[in-house]
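Have a look at the structure below, then the notes.
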Amino acid sequence: MIPELRQKFNKEFTAEKYQSFLNSIHQEFNHVPNFRIAETPVFIDRQLKGRLIEACNEITDVICDPGFKKLTENAIHFPHQPCPNEDDHTTFLQMDFGICHDENGDPMPQLIEIQGFPSLYFFQDLLATKRREHYDLPDNISHLLNGFTPDAYRDLLKEVIVGDKNPENVILLEIEPEKQTTQIDFWATERALGIKTVCLSKLITRGRKVFYKNNKGQEVLVERIYNRVIFDELMQRDDLYREFFFTEEYDIEWVGHPNWFFRISKYTMPFLQSKYVPETKFLRNLSEYPGNLQDYVLKPLYSFAGAGVKLDFTSEELDLIKNKPNYILQKKVTYEPVIETPNDPAKCEIRMLMIWPKNALRPIIVNNLTRLSKGKMIGVKYNKDKDWVGASVGFFED
């Protein structure tokens, strides 16, 4: 989307340079990610950058409203009760935008998903660093926003996640982290912060105290938890042994309180009114269905990795849904193939990564994640055997 950079990158691209770039990532942690990393970064011009920032600010206005907690009080989906000791606001905020076209043919972001949950903060920084090491990228573009330098960005993450605690007493919590697709971000987090990644099944509880075992087999007190457990997955894991339960009260601080995973989610979408947000309705609130159902996508409120999303359906199929309160209808948006590649152009989705420090008035946009697709949707199963697709990072024009 910065034509001169796109043309230069494509002209200078070689398969050998791309493989060298990938190898350098694999060598960082002796790990090959189980997702495809795209051949190219995304070059984001000032116009689209401005629109993405404006969209984030308009949506953030709703989340910052004093009535937001009341608005989302029915969103929390834990069994029986919420997680105790919820804080005043989320610590992490992500907004996914599909890149479409406006009436003038200019790139226009449209909100696809929103989440009050951490993203790949450390891997995206590593990915951008590797891009710079292996490609000739100018100094007037950056993957970071709001004036952050790489050092200041990492310092902020350390302040938010570790704070004044000893890193030994802070853990990244996941379900079987060594099996997660995004595990490379866990290892990058460990290296940057000195904290330990721990499986939920390995936590030890004694009353209100929580412990894990370090590499020497010694029990270590947990004082803060950087939560990366996706609850849609947890609810499917009846086989998982555990002593630690999110609805119990422990002597720990949450970095990313679990309740915000539910409050800021697809549940939030119907409350957002903006030119950057496609019309979204709770299925339960519809006395009659739109006549143009082909223009909508059906999404379950609680699903893992896009499971249950339907692009094509009939009113009869909607009638058969028993748990209508758990679904939304969202107006479809048309992703435009805005990324020129050596063959077919690629569509693009941009996730804006935000952090909301404890005493700040509003969240801060800090980084980004991009995904490229040539298929019907963003995602692996729609892009098999295609090139110039997959995970990447955007560089914003100053």
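How things are named: the first chain in the structure tokens is A, the next is B, and so on; residues count from 1 in each chain; ligands count from 1 in the order shown.
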Which residues of region 11-87 of chain A come within 9 Å of region 230-246 of chain A, and what is each one's closest atom pair and distance in Å (one decimal), counting only C-alpha atoms, sorted by chain and residue number, as a Markdown table?
| residue | atom | partner | partner_atom | distance |
| --- | --- | --- | --- | --- |
| A:His77 | CA | A:Phe231 | CA | 8.9 |
| A:Phe78 | CA | A:Phe246 | CA | 8.3 |
| A:Pro82 | CA | A:Phe246 | CA | 8.1 |
| A:Cys83 | CA | A:Phe246 | CA | 5.5 |
| A:Pro84 | CA | A:Phe246 | CA | 8.0 |
Subject >> region 74-323 of chain A: residues DSSP assigns to strand (DSSP E), reported as a ChimeraX atom specification >> reply: /A:92-101,107-115,141-142,170-174,196-199,204-206,209-213,219-221,224-227,253-255,280-282,296-300
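The smallest atom-to-atom distance between Lys347 (chain A) and any of A:Ser373, A:Asn323, A:Asn259, A:Ser392, using only C-alpha atoms, is found for A:Ser373.
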**OP:** List the neighbours of Glu168 (chain A) out to 9 Å using only C-alpha atoms; skip same-chain residues closer than 4 positions along the sequence, and give me the result as a list in words.
**Re:**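 Once the nearby chain positions are removed, what remains is Gly194, Ile195, Lys196, Asn214, Val220, Leu221 and Val222 of chain A.
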With N, CA and C atoms retained, could you export that selection as a compact mmCIF listing (two decimals), in the first residue's frame?
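As a result, selection-v9.txt now contains:
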# COMPACT_ATOMS: atom_id res chain seq x y z
N GLY A 194 12.22 -13.09 31.47
CA GLY A 194 12.76 -13.97 32.50
C GLY A 194 11.71 -14.71 33.29
N ILE A 195 10.48 -14.81 32.74
CA ILE A 195 9.42 -15.51 33.45
C ILE A 195 9.28 -16.93 32.91
N LYS A 196 8.50 -17.74 33.60
CA LYS A 196 8.34 -19.15 33.24
C LYS A 196 6.97 -19.38 32.61
N ASN A 214 9.97 -25.26 39.47
CA ASN A 214 10.97 -24.78 38.52
C ASN A 214 11.75 -25.95 37.93
N VAL A 220 7.85 -22.93 43.64
CA VAL A 220 8.03 -21.48 43.60
C VAL A 220 6.66 -20.82 43.72
N LEU A 221 6.55 -19.83 44.58
CA LEU A 221 5.29 -19.11 44.79
C LEU A 221 4.94 -18.29 43.55
N VAL A 222 3.69 -18.34 43.12
CA VAL A 222 3.20 -17.52 42.02
C VAL A 222 2.53 -16.28 42.59
Subject >> alpha helix (DSSP H) per DSSP on the backbone: members of region 46-214 of chain A, as number ranges by chain >> reply: A: 46-64, 68-71, 121-134, 150-161, 183-193
**OP:** Would you kindly return, as an MDAnalysis selection string, each protein, DNA or RNA residue with an atom no farther than 10 Å from any atom of Arg351 (chain A), considering only C-alpha atoms and excluding same-chain residues fewer than 5 positions away?
**Re:** chainID A and resid 52 94:98 111:114 119 367:371 393:394
Restricting it to N, CA and C atoms, dump the selection as a PDB file, in the first residue's frame.
ATOM      1  N   LEU A  52      -6.873   3.496  10.529  1.00  0.00           N
ATOM      2  CA  LEU A  52      -6.775   2.454  11.554  1.00  0.00           C
ATOM      3  C   LEU A  52      -6.750   3.064  12.954  1.00  0.00           C
ATOM      4  N   GLN A  94      -7.087  -5.998  21.520  1.00  0.00           N
ATOM      5  CA  GLN A  94      -6.721  -6.247  20.118  1.00  0.00           C
ATOM      6  C   GLN A  94      -7.933  -5.956  19.235  1.00  0.00           C
ATOM      7  N   MET A  95      -7.686  -5.367  18.085  1.00  0.00           N
ATOM      8  CA  MET A  95      -8.742  -5.116  17.108  1.00  0.00           C
ATOM      9  C   MET A  95      -8.282  -5.602  15.744  1.00  0.00           C
ATOM     10  N   ASP A  96      -9.057  -6.514  15.150  1.00  0.00           N
ATOM     11  CA  ASP A  96      -8.741  -7.077  13.840  1.00  0.00           C
ATOM     12  C   ASP A  96      -9.561  -6.367  12.766  1.00  0.00           C
ATOM     13  N   PHE A  97      -8.877  -5.839  11.766  1.00  0.00           N
ATOM     14  CA  PHE A  97      -9.548  -5.125  10.680  1.00  0.00           C
ATOM     15  C   PHE A  97      -9.266  -5.790   9.343  1.00  0.00           C
ATOM     16  N   GLY A  98     -10.325  -6.099   8.599  1.00  0.00           N
ATOM     17  CA  GLY A  98     -10.163  -6.501   7.222  1.00  0.00           C
ATOM     18  C   GLY A  98      -9.981  -5.247   6.375  1.00  0.00           C
ATOM     19  N   LEU A 111     -13.837  -3.558  11.034  1.00  0.00           N
ATOM     20  CA  LEU A 111     -13.608  -4.398  12.201  1.00  0.00           C
ATOM     21  C   LEU A 111     -14.191  -5.792  11.986  1.00  0.00           C
ATOM     22  N   ILE A 112     -13.371  -6.804  12.202  1.00  0.00           N
ATOM     23  CA  ILE A 112     -13.799  -8.193  12.080  1.00  0.00           C
ATOM     24  C   ILE A 112     -13.979  -8.823  13.462  1.00  0.00           C
ATOM     25  N   GLU A 113     -13.026  -8.591  14.344  1.00  0.00           N
ATOM     26  CA  GLU A 113     -13.090  -9.137  15.698  1.00  0.00           C
ATOM     27  C   GLU A 113     -12.430  -8.159  16.656  1.00  0.00           C
ATOM     28  N   ILE A 114     -12.763  -8.314  17.932  1.00  0.00           N
ATOM     29  CA  ILE A 114     -12.130  -7.518  18.986  1.00  0.00           C
ATOM     30  C   ILE A 114     -11.934  -8.429  20.185  1.00  0.00           C
ATOM     31  N   SER A 119      -2.092 -10.771  22.698  1.00  0.00           N
ATOM     32  CA  SER A 119      -1.741 -11.300  21.392  1.00  0.00           C
ATOM     33  C   SER A 119      -0.241 -11.605  21.373  1.00  0.00           C
ATOM     34  N   ASN A 367       1.654  -1.926  18.603  1.00  0.00           N
ATOM     35  CA  ASN A 367       2.259  -2.824  17.619  1.00  0.00           C
ATOM     36  C   ASN A 367       1.161  -3.348  16.711  1.00  0.00           C
ATOM     37  N   ASN A 368       1.488  -4.292  15.846  1.00  0.00           N
ATOM     38  CA  ASN A 368       0.487  -4.831  14.931  1.00  0.00           C
ATOM     39  C   ASN A 368       0.840  -6.249  14.501  1.00  0.00           C
ATOM     40  N   LEU A 369      -0.139  -6.913  13.970  1.00  0.00           N
ATOM     41  CA  LEU A 369       0.014  -8.246  13.393  1.00  0.00           C
ATOM     42  C   LEU A 369      -0.791  -8.243  12.102  1.00  0.00           C
ATOM     43  N   THR A 370      -0.232  -8.790  11.032  1.00  0.00           N
ATOM     44  CA  THR A 370      -0.975  -8.856   9.776  1.00  0.00           C
ATOM     45  C   THR A 370      -1.072 -10.300   9.309  1.00  0.00           C
ATOM     46  N   ARG A 371      -2.127 -10.573   8.575  1.00  0.00           N
ATOM     47  CA  ARG A 371      -2.308 -11.890   7.964  1.00  0.00           C
ATOM     48  C   ARG A 371      -2.727 -11.694   6.514  1.00  0.00           C
ATOM     49  N   VAL A 393       3.850  -8.893   9.494  1.00  0.00           N
ATOM     50  CA  VAL A 393       3.809  -7.685  10.314  1.00  0.00           C
ATOM     51  C   VAL A 393       3.738  -6.493   9.384  1.00  0.00           C
ATOM     52  N   GLY A 394       3.085  -5.440   9.829  1.00  0.00           N
ATOM     53  CA  GLY A 394       2.991  -4.221   9.035  1.00  0.00           C
ATOM     54  C   GLY A 394       3.999  -3.188   9.457  1.00  0.00           C
TER      55      GLY A 394
END
Original post:
So, counting only C-alpha atoms, which residue among A:Ile328, A:Ile25, A:Leu272, A:Leu93 is closest to Ala188 (chain A)?
Top reply: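 Among the listed residues, the smallest separation from Ala188 (chain A) belongs to A:Ile25.
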Original post:
Near Leu144 (chain A), within 6 Å and counting only C-alpha atoms, which residues show up once chain neighbours fewer than 2 positions away are dropped, as an MDAnalysis selection string?
Top reply: chainID A and resid 142 148 366:367
With N, CA and C atoms retained, write the just-selected residues as a PDB file, in the first residue's frame.
ATOM      1  N   SER A 142       7.894   1.925  10.491  1.00  0.00           N
ATOM      2  CA  SER A 142       8.071   1.207  11.762  1.00  0.00           C
ATOM      3  C   SER A 142       6.877   0.307  12.027  1.00  0.00           C
ATOM      4  N   PHE A 148       6.944   4.688  19.861  1.00  0.00           N
ATOM      5  CA  PHE A 148       7.715   3.683  20.589  1.00  0.00           C
ATOM      6  C   PHE A 148       8.929   3.238  19.790  1.00  0.00           C
ATOM      7  N   VAL A 366       0.332  -0.007  20.243  1.00  0.00           N
ATOM      8  CA  VAL A 366       1.779  -0.182  20.315  1.00  0.00           C
ATOM      9  C   VAL A 366       2.379  -0.951  19.145  1.00  0.00           C
ATOM     10  N   ASN A 367       1.654  -1.926  18.603  1.00  0.00           N
ATOM     11  CA  ASN A 367       2.259  -2.824  17.619  1.00  0.00           C
ATOM     12  C   ASN A 367       1.161  -3.348  16.711  1.00  0.00           C
TER      13      ASN A 367
END
Subject >> Non-local contacts of Ile225 (chain A) (10 Å; only C-alpha atoms; under 4 positions in same chain excluded) as a PyMOL selection string >> reply: chain A and resi 161-162+169-173+197-198+252-257
Original post:
Which residue gives the smallest distance to Asn343 (chain A) among A:Val389, A:Leu48, A:Ile184, A:Leu137, with only C-alpha atoms counted?
Top reply: A:Val389
